[in-house]
file upload27.txt (compact mmCIF, C-alpha atoms)
# COMPACT_ATOMS: atom_id res chain seq x y z
CA MET A 7 0.00 0.00 0.00
CA ASP A 8 1.17 3.52 -0.82
CA ARG A 9 2.28 5.01 2.52
CA ARG A 10 1.16 8.48 1.41
CA ARG A 11 -2.45 7.30 1.60
CA CYS A 12 -2.07 6.54 5.32
CA ARG A 13 -0.53 9.81 6.48
CA VAL A 14 -2.56 12.60 7.98
CA MET A 15 -2.97 15.63 5.73
CA LEU A 16 -4.42 18.94 6.85
CA ILE A 17 -6.79 20.57 4.36
CA TYR A 18 -7.37 24.18 5.32
CA ALA A 19 -10.32 25.63 3.39
CA CYS A 20 -10.64 29.41 3.18
CA ILE A 21 -14.31 29.85 2.26
CA SER A 22 -16.01 33.07 1.28
CA SER A 23 -18.81 34.19 3.57
CA HIS A 24 -20.35 36.35 0.82
CA GLY A 25 -23.19 33.85 0.58
CA TYR A 26 -24.13 30.25 1.20
CA GLY A 27 -23.29 29.17 -2.35
CA HIS A 28 -19.54 29.06 -1.72
CA GLY A 29 -20.06 27.10 1.48
CA SER A 30 -22.41 24.63 -0.20
CA ARG A 31 -19.94 24.00 -3.01
CA SER A 32 -16.96 23.57 -0.68
CA ALA A 33 -18.96 21.31 1.63
CA ALA A 34 -19.88 19.05 -1.29
CA VAL A 35 -16.23 18.72 -2.28
CA LEU A 36 -14.96 18.24 1.27
CA SER A 37 -17.59 15.55 1.90
CA GLU A 38 -16.26 13.61 -1.08
CA LEU A 39 -12.72 14.20 0.12
CA ALA A 40 -13.60 12.76 3.53
CA ASP A 41 -14.90 9.67 1.77
CA LEU A 42 -11.64 9.27 -0.14
CA ARG A 43 -9.30 10.07 2.77
CA PRO A 44 -11.22 9.73 6.05
CA GLN A 45 -8.03 10.13 8.12
CA TRP A 46 -7.30 13.62 6.80
CA ARG A 47 -8.11 16.71 8.88
CA LEU A 48 -10.58 19.14 7.37
CA VAL A 49 -10.43 22.69 8.74
CA LEU A 50 -12.96 25.25 7.57
CA SER A 51 -11.81 28.85 7.91
CA THR A 52 -14.82 31.07 7.28
CA ALA A 53 -17.35 33.44 8.80
CA LEU A 54 -20.30 31.34 7.64
CA PRO A 55 -22.70 30.41 10.47
CA ASP A 56 -22.01 27.27 12.46
CA ALA A 57 -25.57 26.04 11.90
CA PHE A 58 -25.12 26.24 8.14
CA LEU A 59 -21.81 24.37 8.23
CA ARG A 60 -23.22 21.62 10.45
CA LEU A 61 -26.16 21.14 8.10
CA ALA A 62 -24.00 21.25 4.97
CA LEU A 63 -21.40 18.77 6.24
CA ALA A 64 -23.69 16.56 8.35
CA ALA A 65 -21.59 13.73 9.81
CA VAL A 66 -18.34 14.72 8.10
CA PRO A 67 -15.75 15.41 10.85
CA HIS A 68 -14.36 18.91 10.59
CA GLU A 69 -12.81 21.71 12.60
CA ARG A 70 -13.72 25.37 12.52
CA ARG A 71 -11.56 28.49 12.49
CA TRP A 72 -13.68 31.63 12.59
CA ASN A 73 -12.20 34.03 10.03
CA ARG A 74 -13.55 36.42 7.43
CA TRP A 75 -11.28 36.24 4.38
CA ASP A 76 -13.19 38.38 1.92
CA VAL A 77 -16.12 40.74 1.54
CA GLY A 78 -17.52 39.88 -1.85
CA MET A 79 -20.28 42.39 -2.38
CA VAL A 80 -22.30 43.92 0.45
CA GLN A 81 -25.96 43.40 -0.42
CA ALA A 82 -29.17 45.09 0.68
CA ASP A 83 -31.06 41.91 -0.20
CA ALA A 84 -30.64 38.91 -2.47
CA LEU A 85 -30.99 41.03 -5.63
CA ALA A 86 -29.31 44.36 -4.83
CA VAL A 87 -25.66 45.27 -4.11
CA ASP A 88 -24.16 48.34 -2.41
CA ALA A 89 -20.83 49.32 -3.97
CA GLN A 90 -20.02 52.06 -1.44
CA ALA A 91 -20.69 49.80 1.54
CA THR A 92 -18.51 47.19 -0.13
CA LEU A 93 -15.57 49.60 -0.26
CA VAL A 94 -16.03 50.43 3.42
CA ALA A 95 -16.07 46.73 4.30
CA LEU A 96 -12.96 46.09 2.17
CA ALA A 97 -11.10 48.83 4.02
CA GLU A 98 -12.02 47.22 7.33
CA LEU A 99 -10.83 43.84 6.04
CA ASP A 100 -7.50 45.42 5.04
CA ARG A 101 -7.10 46.65 8.61
CA ARG A 102 -7.76 43.27 10.21
CA LEU A 103 -6.06 41.01 7.70
CA PRO A 104 -2.40 41.24 8.85
CA ASP A 105 -3.21 40.07 12.38
CA GLN A 106 -5.48 37.35 11.05
CA LEU A 107 -2.81 36.07 8.68
CA ALA A 108 -0.22 36.03 11.47
CA THR A 109 -2.55 34.16 13.83
CA GLU A 110 -3.52 31.51 11.29
CA ALA A 111 0.05 30.99 10.09
CA THR A 112 1.19 30.47 13.69
CA TRP A 113 -1.64 28.02 14.34
CA LEU A 114 -0.99 26.05 11.18
CA ARG A 115 2.74 25.77 11.86
CA ALA A 116 1.93 24.45 15.33
CA GLN A 117 -0.06 21.58 13.78
CA ASN A 118 3.18 20.32 12.15
CA GLU A 119 1.28 18.42 9.46
CA PRO A 120 1.46 18.43 5.67
CA LEU A 121 -0.86 21.16 4.47
CA LEU A 122 -2.91 22.06 1.42
CA LEU A 123 -4.98 25.22 1.20
CA LEU A 124 -8.28 25.28 -0.65
CA GLY A 125 -9.63 28.70 -1.62
CA ASP A 126 -13.30 29.30 -2.50
CA VAL A 127 -12.48 31.95 -3.43
CA PRO A 128 -10.94 34.65 -1.13
CA PRO A 129 -7.81 36.21 -2.69
CA PRO A 130 -5.94 36.52 0.68
CA ALA A 131 -5.70 32.72 0.82
CA ALA A 132 -2.71 33.23 -1.48
CA LEU A 133 -0.96 35.31 1.18
CA LEU A 134 -1.38 32.57 3.76
CA ALA A 135 -0.20 29.88 1.34
CA GLY A 136 2.84 31.95 0.45
CA GLU A 137 3.75 32.51 4.09
CA LEU A 138 3.62 28.75 4.71
CA GLN A 139 5.06 27.64 1.36
CA ALA A 140 2.07 25.33 1.01
CA PRO A 141 0.18 24.42 -2.17
CA LEU A 142 -2.98 26.37 -2.92
CA VAL A 143 -5.89 25.12 -5.02
CA TRP A 144 -8.70 27.44 -6.05
CA LEU A 145 -12.25 26.08 -6.37
CA ALA A 146 -14.21 28.64 -8.35
CA SER A 147 -16.80 29.61 -10.92
CA PHE A 148 -15.59 33.22 -10.72
CA GLY A 149 -13.07 35.38 -8.92
CA TRP A 150 -13.75 38.71 -7.29
CA ASP A 151 -11.67 40.32 -10.03
CA ALA A 152 -14.47 39.54 -12.49
CA ILE A 153 -17.07 41.05 -10.17
CA TYR A 154 -15.20 44.21 -9.17
CA GLY A 155 -13.70 45.07 -12.56
CA PRO A 156 -16.89 46.10 -14.41
CA MET A 157 -17.91 48.36 -11.51
CA GLY A 158 -15.05 50.78 -12.21
CA GLY A 159 -13.31 53.25 -9.93
CA GLU A 160 -11.72 51.93 -6.75
CA LEU A 161 -13.38 48.57 -7.21
CA ALA A 162 -11.60 48.17 -10.56
CA GLU A 163 -8.32 48.76 -8.72
CA ARG A 164 -9.37 46.07 -6.26
CA ALA A 165 -9.99 43.75 -9.19
CA ALA A 166 -6.37 44.05 -10.33
CA ALA A 167 -5.13 43.26 -6.81
CA CYS A 168 -7.38 40.21 -6.62
CA ARG A 169 -6.14 38.94 -9.99
CA ALA A 170 -2.53 39.21 -8.86
CA LEU A 171 -3.29 37.07 -5.80
CA TYR A 172 -5.22 34.48 -7.79
CA ALA A 173 -2.16 34.12 -10.03
CA ARG A 174 -0.21 32.76 -7.04
CA GLY A 175 -2.32 29.60 -6.87
CA ASP A 176 -1.02 26.22 -7.99
CA LEU A 177 -4.23 24.96 -9.61
CA LEU A 178 -7.71 26.18 -10.48
CA LEU A 179 -10.56 23.68 -10.28
CA ARG A 180 -12.76 25.42 -12.79
CA CYS A 181 -16.43 24.88 -12.10
CA PRO A 182 -19.00 24.98 -14.90
CA LEU A 183 -21.27 28.02 -15.44
CA SER A 184 -18.16 30.13 -14.92
CA LEU A 185 -16.91 33.62 -15.68
CA PRO A 186 -13.49 34.18 -17.27
CA MET A 187 -10.67 33.30 -14.88
CA ASP A 188 -7.52 34.09 -16.82
CA TRP A 189 -5.12 33.86 -13.90
CA GLY A 190 -2.16 32.30 -15.68
CA ILE A 191 -2.19 29.08 -13.64
CA PRO A 192 -3.08 25.49 -14.57
CA GLN A 193 -6.83 24.85 -14.81
CA GLN A 194 -8.83 21.66 -14.57
CA PRO A 195 -12.51 21.81 -15.61
CA ILE A 196 -14.92 19.81 -13.46
CA GLY A 197 -18.64 19.01 -13.53
CA LEU A 198 -21.44 20.35 -11.35
CA THR A 199 -20.40 20.53 -7.71
CA CYS A 200 -23.29 19.77 -5.40
CA SER A 201 -24.29 17.48 -2.58
CA ARG A 202 -26.94 14.82 -2.84
CA PRO A 203 -30.30 14.62 -1.02
CA ARG A 204 -29.87 12.63 2.18
CA GLN A 205 -33.40 12.43 3.61
CA ASP A 206 -36.15 9.82 3.27
CA LEU A 207 -38.31 11.45 0.60
CA LYS A 208 -41.55 9.84 1.80
CA LEU A 209 -40.99 11.23 5.27
CA VAL A 210 -40.15 14.68 3.90
CA ALA A 211 -43.27 14.70 1.72
CA ALA A 212 -45.47 13.74 4.67
CA ARG A 213 -43.81 16.24 6.97
CA LEU A 214 -44.38 19.13 4.54
CA ASP A 215 -47.78 17.91 3.33
CA LEU A 216 -46.63 17.86 -0.28
CA PRO A 217 -48.90 16.62 -3.09
CA ALA A 218 -47.79 13.56 -4.99
CA ASP A 219 -47.64 15.53 -8.25
CA ARG A 220 -44.15 16.99 -8.26
CA GLN A 221 -45.16 19.71 -10.71
CA ARG A 222 -47.53 21.20 -8.14
CA CYS A 223 -44.67 21.73 -5.67
CA VAL A 224 -42.59 24.91 -5.92
CA LEU A 225 -39.45 25.82 -3.97
CA ILE A 226 -38.74 29.52 -3.38
CA SER A 227 -35.09 30.09 -2.50
CA PHE A 228 -32.98 33.25 -2.61
CA GLY A 229 -29.90 32.15 -0.70
CA GLY A 230 -28.64 33.21 2.71
CA LEU A 231 -29.92 36.79 2.61
CA GLY A 232 -33.33 35.71 1.41
CA LEU A 233 -36.01 37.89 -0.13
CA SER A 234 -39.38 38.71 1.38
CA ILE A 235 -42.37 37.48 -0.61
CA ASP A 236 -45.88 38.74 0.08
CA PRO A 237 -47.67 35.56 1.24
CA ALA A 238 -50.92 36.85 -0.30
CA LEU A 239 -49.39 36.21 -3.73
CA LEU A 240 -49.52 32.48 -3.14
CA ALA A 241 -53.32 32.66 -3.34
CA GLN A 242 -52.93 33.34 -7.06
CA TRP A 243 -51.67 29.77 -7.40
CA PRO A 244 -54.08 27.68 -5.27
CA GLN A 245 -53.18 24.43 -7.05
CA HIS A 246 -49.55 24.69 -5.98
CA ARG A 247 -47.74 24.05 -2.70
CA PHE A 248 -44.87 26.44 -1.90
CA ILE A 249 -41.81 25.78 0.26
CA GLY A 250 -39.23 28.36 1.28
CA SER A 251 -37.15 29.83 4.08
CA ASP A 252 -39.23 33.01 4.49
CA PRO A 253 -41.35 32.60 7.66
CA ALA A 254 -44.12 34.64 6.03
CA LEU A 255 -44.88 31.76 3.67
CA ALA A 256 -46.52 29.89 6.54
CA GLU A 257 -49.24 32.58 6.60
CA ALA A 258 -50.60 31.26 3.29
CA ASP A 259 -52.81 28.18 3.18
CA ASN A 260 -50.62 26.68 0.46
CA GLY A 261 -47.24 27.72 1.87
CA CYS A 262 -44.83 26.19 4.36
CA VAL A 263 -41.42 27.00 5.77
CA LEU A 264 -38.45 24.78 4.99
CA PRO A 265 -37.46 23.24 8.36
CA ALA A 266 -34.05 24.25 9.70
CA ASP A 267 -32.77 20.67 9.50
CA LEU A 268 -33.45 20.39 5.75
CA ARG A 269 -31.44 21.87 2.90
CA PRO A 270 -33.10 23.00 -0.33
CA ILE A 271 -31.58 20.02 -2.14
CA ASP A 272 -33.26 17.65 0.35
CA VAL A 273 -36.68 18.64 -1.03
CA MET A 274 -35.72 19.15 -4.67
CA PRO A 275 -36.59 15.59 -5.75
CA LEU A 276 -40.14 16.38 -4.62
CA VAL A 277 -40.57 19.72 -6.42
CA GLY A 278 -40.95 20.55 -10.10
CA ARG A 279 -39.91 24.19 -10.11
CA LEU A 280 -37.62 26.59 -8.28
CA ILE A 281 -38.14 30.35 -8.09
CA THR A 282 -34.72 31.88 -7.46
CA LYS A 283 -32.05 34.42 -8.32
CA ALA A 284 -28.97 33.60 -10.35
CA GLY A 285 -26.76 31.49 -8.09
CA TYR A 286 -24.15 28.89 -8.94
CA SER A 287 -24.94 26.35 -6.22
CA SER A 288 -28.71 26.68 -6.63
CA PHE A 289 -28.33 26.01 -10.34
CA CYS A 290 -26.09 23.00 -9.73
CA GLU A 291 -28.56 21.47 -7.30
CA ALA A 292 -31.57 22.12 -9.52
CA PHE A 293 -29.83 20.77 -12.62
CA SER A 294 -28.76 17.62 -10.77
CA GLN A 295 -32.31 16.94 -9.53
CA GLY A 296 -34.19 17.81 -12.72
CA VAL A 297 -35.91 20.90 -11.30
CA GLY A 298 -37.06 23.66 -13.64
CA ILE A 299 -35.83 27.15 -12.74
CA HIS A 300 -37.90 30.33 -12.81
CA LEU A 301 -35.10 32.89 -12.79
CA ILE A 302 -35.60 36.42 -11.48
CA GLU A 303 -33.55 38.92 -13.47
CA ARG A 304 -30.64 40.75 -11.86
CA SER A 305 -28.55 43.43 -13.56
CA ASP A 306 -25.96 44.64 -11.03
CA PHE A 307 -23.79 41.55 -10.56
CA ALA A 308 -21.43 40.35 -13.31
CA GLU A 309 -22.17 36.67 -12.67
CA ALA A 310 -25.93 37.08 -13.25
CA PRO A 311 -26.01 37.36 -17.07
CA VAL A 312 -23.49 34.55 -17.40
CA LEU A 313 -25.63 32.27 -15.25
CA ALA A 314 -28.79 33.33 -17.10
CA ALA A 315 -27.18 32.33 -20.40
CA ALA A 316 -25.96 29.05 -18.90
CA LEU A 317 -29.47 28.32 -17.63
CA GLN A 318 -30.88 28.75 -21.11
CA ASP A 319 -28.16 26.48 -22.47
CA HIS A 320 -28.39 23.67 -19.92
CA GLY A 321 -31.61 23.79 -17.89
CA TRP A 322 -35.38 23.80 -18.21
CA HIS A 323 -36.42 27.32 -17.36
CA ARG A 324 -38.49 30.47 -17.53
CA LEU A 325 -37.15 34.02 -17.16
CA LEU A 326 -39.00 36.54 -14.98
CA SER A 327 -38.52 40.21 -14.19
CA ARG A 328 -38.47 41.48 -10.63
CA GLU A 329 -41.75 43.24 -11.35
CA GLN A 330 -43.31 39.90 -12.28
CA LEU A 331 -42.03 38.44 -9.02
CA VAL A 332 -43.55 41.27 -6.98
CA ARG A 333 -46.99 41.01 -8.58
CA GLY A 334 -47.13 37.21 -8.53
CA ASP A 335 -46.86 36.68 -12.28
CA TRP A 336 -44.71 33.60 -11.82
CA GLN A 337 -45.81 31.70 -14.98
CA LEU A 338 -46.25 28.43 -13.14
CA ASP A 339 -49.04 27.57 -15.59
CA GLN A 340 -46.66 27.91 -18.53
CA PRO A 341 -44.49 25.10 -19.86
CA LEU A 342 -40.82 25.20 -19.05
CA LEU A 343 -38.57 26.17 -21.94
CA PRO A 344 -36.10 23.45 -22.94
CA PRO A 345 -32.33 23.95 -22.79
CA ARG A 346 -30.65 25.05 -25.99
CA ARG A 347 -27.86 22.56 -25.40
CA GLY A 348 -27.44 19.39 -23.37
CA GLY A 349 -27.16 18.83 -19.65
CA LEU A 350 -23.98 18.91 -17.59
CA ALA A 351 -22.21 16.12 -15.73
CA SER A 352 -23.00 16.22 -12.02
CA ASP A 353 -19.88 14.48 -10.67
CA GLY A 354 -17.81 17.63 -10.14
CA ALA A 355 -17.54 17.31 -6.37
CA ARG A 356 -15.96 13.87 -6.68
CA GLN A 357 -13.68 15.06 -9.48
CA ALA A 358 -12.54 18.00 -7.34
CA ALA A 359 -11.87 15.75 -4.34
CA GLU A 360 -9.79 13.38 -6.43
CA LEU A 361 -7.76 16.28 -7.81
CA LEU A 362 -7.18 17.63 -4.30
CA VAL A 363 -5.92 14.23 -3.19
CA ALA A 364 -3.59 13.97 -6.17
CA THR A 365 -2.25 17.50 -5.67
CA ALA A 366 -1.67 17.13 -1.93
CA GLU A 367 -0.03 13.72 -2.14
CA ALA A 368 2.17 14.69 -5.06
CA HIS A 369 3.37 17.85 -3.31
CA TRP A 370 4.08 16.27 0.06
CA SER A 371 5.57 12.97 -1.10
CA GLY A 372 8.78 12.69 0.88
CA ALA A 373 8.15 15.92 2.85
CA SER A 374 6.88 16.44 6.38
CA GLY A 375 5.54 19.35 8.36
CA VAL A 376 4.01 22.68 7.45
CA GLY A 377 6.12 25.08 5.42
CA ARG A 378 8.27 22.42 3.75
CA GLY A 379 7.85 22.93 0.02
CA ASP A 380 10.72 20.66 -1.04
CA GLY A 381 8.57 17.61 -1.74
call {"tool": "encode", "arguments": {"input": "upload27.txt", "output": "structure tokens"}}
result
Amino acid sequence: MDRRRCRVMLIYACISSHGYGHGSRSAAVLSELADLRPQWRLVLSTALPDAFLRLALAAVPHERRWNRWDVGMVQADALAVDAQATLVALAELDRRLPDQLATEATWLRAQNEPLLLLGDVPPPAALLAGELQAPLVWLASFGWDAIYGPMGGELAERAAACRALYARGDLLLRCPLSLPMDWGIPQQPIGLTCSRPRQDLKLVAARLDLPADRQRCVLISFGGLGLSIDPALLAQWPQHRFIGSDPALAEADNGCVLPADLRPIDVMPLVGRLITKAGYSSFCEAFSQGVGIHLIERSDFAEAPVLAAALQDHGWHRLLSREQLVRGDWQLDQPLLPPRRGGLASDGARQAAELLVATAEAHWSGASGVGRGDG
């Protein structure tokens, strides 16, 4: 047996807390990694809520380091960004980052274990990897350079700084539905990165009082920030049952709240349609479970038009304006439009885990301890 497969490896994942999509994607990959190398240590370094991480990773053993590595975009709600507030938050991050980097580098050296950093996708992960002379793998469908650049001004300057840090990585695991990521490093394309449902579907259906006809069940999901929906609008669709995280949905006779111990993907096999914003992880989950997407338009985030085009290429869909959302014109009585092209492979999480194993073991073959890059 290859001795490298028996040694403990420390995987330190710097995960954006901009939204739950990054955490969902990383959790899917780390769950597969734990299946391949159950003896390895998984450390999640992020400001995402503990409750979210516990739900996303379930029984996968992991450790937590509470750190905020990036800002992303400050948002008023799931569909609106605030550029000025983003600049203020970035300045605060700049102030805190040196102490945070020093603390985490000291802690990681004290572990005295072979180390690989996974970045999804905070640029400062490159600073930590450089300090420790450890390999760094990016897991991404976009970088913050692609988001900040089109906004101009000081954010465009931030984009250039982000791109320079991304260029210090050793490998990019390029997710589908992606923006340009021309960082000058090796890239490996992978399939859709998402977890699988892990609940008894009959029990879930009974618990939520869902009709047997999947097409009458609709999931409303707008990510971690959420978006308030007037529960009176549900009365326009009396033949449908709606599920979502907004507590107001329970006020409607045909609405219910997604229980805290269930993820959206746990109910997706039971629903026919998803009303949502453009979001990488939501798209991956819906594509993998054959759920049609009713996409609410969004114009102030560079990823949104790319995802909208990808949805039309690869998923059953309908496109809605925000005005249609607000007045309840959700087109649930209209047929879904077919994808212009074929579907996408859904084994990206496993692919990513295998590539992480190969990268870590190749780098540390014959080396020991953190900060030894001579392997």
call {"tool": "atom_distance", "arguments": {"input": "upload27.txt", "atom1": "CA of Ala238 in chain A", "atom2": "CA of Arg324 in chain A"}}
result
22.2 Å
call {"tool": "residues_around", "arguments": {"input": "upload27.txt", "residues": "Asp259 in chain A", "least_positions_apart": "6", "cutoff": "9 Å", "atoms": "only C-alpha atoms", "output": "list in words"}}
result
Leu240, Ala241, Pro244 and Arg247 of chain A
call {"tool": "write_last_selection", "arguments": {"input": "upload27.txt", "atoms": "C-alpha atoms", "output": "tab-separated table (two decimals), keeping the file's coordinate frame"}}
result
chain	number	residue	atom	x	y	z
A	240	LEU	CA	-49.52	32.48	-3.14
A	241	ALA	CA	-53.32	32.66	-3.34
A	244	PRO	CA	-54.08	27.68	-5.27
A	247	ARG	CA	-47.74	24.05	-2.70
call {"tool": "closest_residue", "arguments": {"input": "upload27.txt", "among": "A:Ala95, A:Leu280, A:Ile17, A:Val77", "to": "Leu50 in chain A", "atoms": "all atoms listed in the file"}}
result
A:Ile17
call {"tool": "atom_distance", "arguments": {"input": "upload27.txt", "atom1": "CA of Ala316 in chain A", "atom2": "CA of Arg347 in chain A"}}
result
9.4 Å
call {"tool": "residues_around", "arguments": {"input": "upload27.txt", "residues": "Pro203 in chain A", "least_positions_apart": "2", "cutoff": "9 Å", "atoms": "all atoms listed in the file", "output": "VMD selection string"}}
result
chain A and resid 201 205 to 207 269 to 275
call {"tool": "residues_around", "arguments": {"input": "upload27.txt", "residues": "Asp41 in chain A", "least_positions_apart": "3", "cutoff": "12 Å", "atoms": "only C-alpha atoms", "output": "NGL selection string"}}
result
:A and (34-38 or 44-46 or 48 or 65-67 or 355-356 or 359-360 or 363)
call {"tool": "write_last_selection", "arguments": {"input": "upload27.txt", "atoms": "C-alpha atoms", "output": "PDB file, in the frame of the given file"}}
result
ATOM      1  CA  ALA A  34     -19.880  19.050  -1.290  1.00  0.00           C
ATOM      2  CA  VAL A  35     -16.230  18.720  -2.280  1.00  0.00           C
ATOM      3  CA  LEU A  36     -14.960  18.240   1.270  1.00  0.00           C
ATOM      4  CA  SER A  37     -17.590  15.550   1.900  1.00  0.00           C
ATOM      5  CA  GLU A  38     -16.260  13.610  -1.080  1.00  0.00           C
ATOM      6  CA  PRO A  44     -11.220   9.730   6.050  1.00  0.00           C
ATOM      7  CA  GLN A  45      -8.030  10.130   8.120  1.00  0.00           C
ATOM      8  CA  TRP A  46      -7.300  13.620   6.800  1.00  0.00           C
ATOM      9  CA  LEU A  48     -10.580  19.140   7.370  1.00  0.00           C
ATOM     10  CA  ALA A  65     -21.590  13.730   9.810  1.00  0.00           C
ATOM     11  CA  VAL A  66     -18.340  14.720   8.100  1.00  0.00           C
ATOM     12  CA  PRO A  67     -15.750  15.410  10.850  1.00  0.00           C
ATOM     13  CA  ALA A 355     -17.540  17.310  -6.370  1.00  0.00           C
ATOM     14  CA  ARG A 356     -15.960  13.870  -6.680  1.00  0.00           C
ATOM     15  CA  ALA A 359     -11.870  15.750  -4.340  1.00  0.00           C
ATOM     16  CA  GLU A 360      -9.790  13.380  -6.430  1.00  0.00           C
ATOM     17  CA  VAL A 363      -5.920  14.230  -3.190  1.00  0.00           C
TER      18      VAL A 363
END
call {"tool": "atom_distance", "arguments": {"input": "upload27.txt", "atom1": "CA of Ala256 in chain A", "atom2": "CA of Leu326 in chain A"}}
result
23.7 Å
call {"tool": "axis_aligned_box", "arguments": {"input": "upload27.txt", "around": "range 137-147 of chain A", "padding_each_side": "4 Å", "output": "JSON"}}
result
{"center_x": -5.9, "center_y": 28.5, "center_z": -3.1, "size_x": 29.9, "size_y": 16.1, "size_z": 23.6}
call {"tool": "closest_residue", "arguments": {"input": "upload27.txt", "among": "A:Ile191, A:Leu216, A:Leu54, A:Leu59", "to": "Trp72 in chain A", "atoms": "only C-alpha atoms"}}
result
A:Leu54
call {"tool": "closest_residue", "arguments": {"input": "upload27.txt", "among": "A:Val49, A:Val210, A:Leu317, A:Leu325", "to": "Glu303 in chain A", "atoms": "all atoms listed in the file"}}
result
A:Leu325
call {"tool": "residues_around", "arguments": {"input": "upload27.txt", "residues": "Leu99 in chain A", "least_positions_apart": "5", "cutoff": "9 Å", "atoms": "only C-alpha atoms", "output": "PyMOL selection string"}}
result
chain A and resi 74-77+94
call {"tool": "closest_residue", "arguments": {"input": "upload27.txt", "among": "A:Gly125, A:Leu183, A:Ser234, A:Ala108", "to": "Leu331 in chain A", "atoms": "only C-alpha atoms"}}
result
A:Ser234
call {"tool": "residues_around", "arguments": {"input": "upload27.txt", "residues": "range 248-255 of chain A", "least_positions_apart": "5", "cutoff": "8 Å", "atoms": "all atoms listed in the file", "output": "list in words"}}
result
Cys223, Val224, Leu225, Ile226, Ser227, Gly232, Leu233, Ser234, Ile235, Asp236, Pro237, Leu240, Asn260, Gly261, Cys262, Val263, Leu264 and Pro265 of chain A
call {"tool": "build_atoms", "arguments": {"input": "upload27.txt", "residues": "range 108-120 of chain A", "atoms": "N, CA and C atoms", "output": "PDB file, keeping the file's coordinate frame"}}
result
ATOM      1  N   ALA A 108      -1.252  36.426  10.515  1.00  0.00           N
ATOM      2  CA  ALA A 108      -0.220  36.030  11.470  1.00  0.00           C
ATOM      3  C   ALA A 108      -0.741  34.947  12.414  1.00  0.00           C
ATOM      4  N   THR A 109      -1.962  35.134  12.904  1.00  0.00           N
ATOM      5  CA  THR A 109      -2.550  34.160  13.830  1.00  0.00           C
ATOM      6  C   THR A 109      -2.724  32.805  13.172  1.00  0.00           C
ATOM      7  N   GLU A 110      -3.263  32.794  11.956  1.00  0.00           N
ATOM      8  CA  GLU A 110      -3.520  31.510  11.290  1.00  0.00           C
ATOM      9  C   GLU A 110      -2.227  30.837  10.867  1.00  0.00           C
ATOM     10  N   ALA A 111      -1.230  31.597  10.439  1.00  0.00           N
ATOM     11  CA  ALA A 111       0.050  30.990  10.090  1.00  0.00           C
ATOM     12  C   ALA A 111       0.702  30.353  11.311  1.00  0.00           C
ATOM     13  N   THR A 112       0.637  31.025  12.441  1.00  0.00           N
ATOM     14  CA  THR A 112       1.190  30.470  13.690  1.00  0.00           C
ATOM     15  C   THR A 112       0.462  29.187  14.065  1.00  0.00           C
ATOM     16  N   TRP A 113      -0.857  29.211  13.976  1.00  0.00           N
ATOM     17  CA  TRP A 113      -1.640  28.020  14.340  1.00  0.00           C
ATOM     18  C   TRP A 113      -1.329  26.852  13.412  1.00  0.00           C
ATOM     19  N   LEU A 114      -1.252  27.126  12.124  1.00  0.00           N
ATOM     20  CA  LEU A 114      -0.990  26.050  11.180  1.00  0.00           C
ATOM     21  C   LEU A 114       0.412  25.469  11.345  1.00  0.00           C
ATOM     22  N   ARG A 115       1.397  26.300  11.599  1.00  0.00           N
ATOM     23  CA  ARG A 115       2.740  25.770  11.860  1.00  0.00           C
ATOM     24  C   ARG A 115       2.746  24.876  13.089  1.00  0.00           C
ATOM     25  N   ALA A 116       1.966  25.241  14.091  1.00  0.00           N
ATOM     26  CA  ALA A 116       1.930  24.450  15.330  1.00  0.00           C
ATOM     27  C   ALA A 116       1.327  23.063  15.104  1.00  0.00           C
ATOM     28  N   GLN A 117       0.525  22.903  14.055  1.00  0.00           N
ATOM     29  CA  GLN A 117      -0.060  21.580  13.780  1.00  0.00           C
ATOM     30  C   GLN A 117       0.994  20.604  13.279  1.00  0.00           C
ATOM     31  N   ASN A 118       2.060  21.134  12.640  1.00  0.00           N
ATOM     32  CA  ASN A 118       3.180  20.320  12.150  1.00  0.00           C
ATOM     33  C   ASN A 118       2.703  19.142  11.301  1.00  0.00           C
ATOM     34  N   GLU A 119       1.801  19.442  10.370  1.00  0.00           N
ATOM     35  CA  GLU A 119       1.280  18.420   9.460  1.00  0.00           C
ATOM     36  C   GLU A 119       1.359  18.924   8.028  1.00  0.00           C
ATOM     37  N   PRO A 120       1.512  18.023   7.071  1.00  0.00           N
ATOM     38  CA  PRO A 120       1.460  18.430   5.670  1.00  0.00           C
ATOM     39  C   PRO A 120       0.155  19.172   5.385  1.00  0.00           C
TER      40      PRO A 120
END
